[in-house]
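Notes for the one structure printed next.
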Amino acid sequence: MMGEAKSLLASSPHVSSHLFSEVKMKEGLLWFDNDPQRNMADKIKRAATRYQTRFGRRPTTCYISSADFDGQTDQIGGIHLKPATDVRRHHFWLGEEQDSLKAKAA
């Protein structure tokens, strides 16, 4: 699947929530992009656009593989980046953390 971006919804039966034990989100979008021509920021922005199309709001957090996280920045386009050992390379898990959702409701 070189150069293709794919997405998978968290609510899908194909995604087991225990795979993402470090993630504090109930739902989200799992995005795959291994295109070597795209930089990390572009990959995350594309995933965020898909998330907004699907859920009608912008994601606040993106969990990325610890191996892909370079530590140069902790935010891209207003989305907080968090390295996670449970997320595989070239995958981006976007959503809204439960703590930020509670703050919006208050």
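Following the order of the structure tokens, chains are lettered A, B, ..., residues in each are numbered from 1, and ligands are numbered from 1.
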For range 16-69 of chain A versus range 76-92 of chain A, which residues have an atom no more than 7 Å away, and what is each residue's nearest atom pair and distance in Å rounded to one decimal, using only C-alpha atoms, chain-then-number order, as JSON lines?
{"residue": "A:Leu19", "atom": "CA", "partner": "A:Asp86", "partner_atom": "CA", "distance": 6.1}
{"residue": "A:Phe20", "atom": "CA", "partner": "A:Asp86", "partner_atom": "CA", "distance": 5.3}
{"residue": "A:Ser21", "atom": "CA", "partner": "A:Asp86", "partner_atom": "CA", "distance": 7.0}
{"residue": "A:Glu22", "atom": "CA", "partner": "A:Ala84", "partner_atom": "CA", "distance": 6.5}
{"residue": "A:Leu30", "atom": "CA", "partner": "A:Phe92", "partner_atom": "CA", "distance": 5.6}
{"residue": "A:Trp31", "atom": "CA", "partner": "A:Phe92", "partner_atom": "CA", "distance": 4.9}
{"residue": "A:Phe32", "atom": "CA", "partner": "A:His91", "partner_atom": "CA", "distance": 4.5}
{"residue": "A:Asp33", "atom": "CA", "partner": "A:His90", "partner_atom": "CA", "distance": 5.5}
{"residue": "A:Asn34", "atom": "CA", "partner": "A:His90", "partner_atom": "CA", "distance": 5.3}
{"residue": "A:Ala41", "atom": "CA", "partner": "A:Ile76", "partner_atom": "CA", "distance": 6.3}
{"residue": "A:Pro59", "atom": "CA", "partner": "A:Ile79", "partner_atom": "CA", "distance": 6.6}
{"residue": "A:Thr60", "atom": "CA", "partner": "A:Ile79", "partner_atom": "CA", "distance": 4.8}
{"residue": "A:Thr61", "atom": "CA", "partner": "A:His80", "partner_atom": "CA", "distance": 4.7}
{"residue": "A:Cys62", "atom": "CA", "partner": "A:Leu81", "partner_atom": "CA", "distance": 5.0}
{"residue": "A:Tyr63", "atom": "CA", "partner": "A:Lys82", "partner_atom": "CA", "distance": 4.7}
{"residue": "A:Ile64", "atom": "CA", "partner": "A:Pro83", "partner_atom": "CA", "distance": 5.0}
{"residue": "A:Ser65", "atom": "CA", "partner": "A:Val87", "partner_atom": "CA", "distance": 4.8}
{"residue": "A:Ser66", "atom": "CA", "partner": "A:Pro83", "partner_atom": "CA", "distance": 4.6}
{"residue": "A:Ala67", "atom": "CA", "partner": "A:Arg89", "partner_atom": "CA", "distance": 6.6}
{"residue": "A:Asp68", "atom": "CA", "partner": "A:Arg89", "partner_atom": "CA", "distance": 6.3}
{"residue": "A:Phe69", "atom": "CA", "partner": "A:Pro83", "partner_atom": "CA", "distance": 6.0}
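All residues within range 30-72 of chain A that the backbone DSSP calculation assigns to strand (DSSP E or B) are Leu30, Trp31, Phe32, Asp33, Thr61, Cys62, Tyr63, Ile64 and Ser65 of chain A.
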Proximity to Ala47 in chain A - best of A:Trp93, A:Asp70, A:Gln98, A:Asp35, only C-alpha atoms: A:Trp93
Separation of CA of Gly56 in chain A from CA of Gln72 in chain A, in Å and rounded to one decimal: 29.2 Å
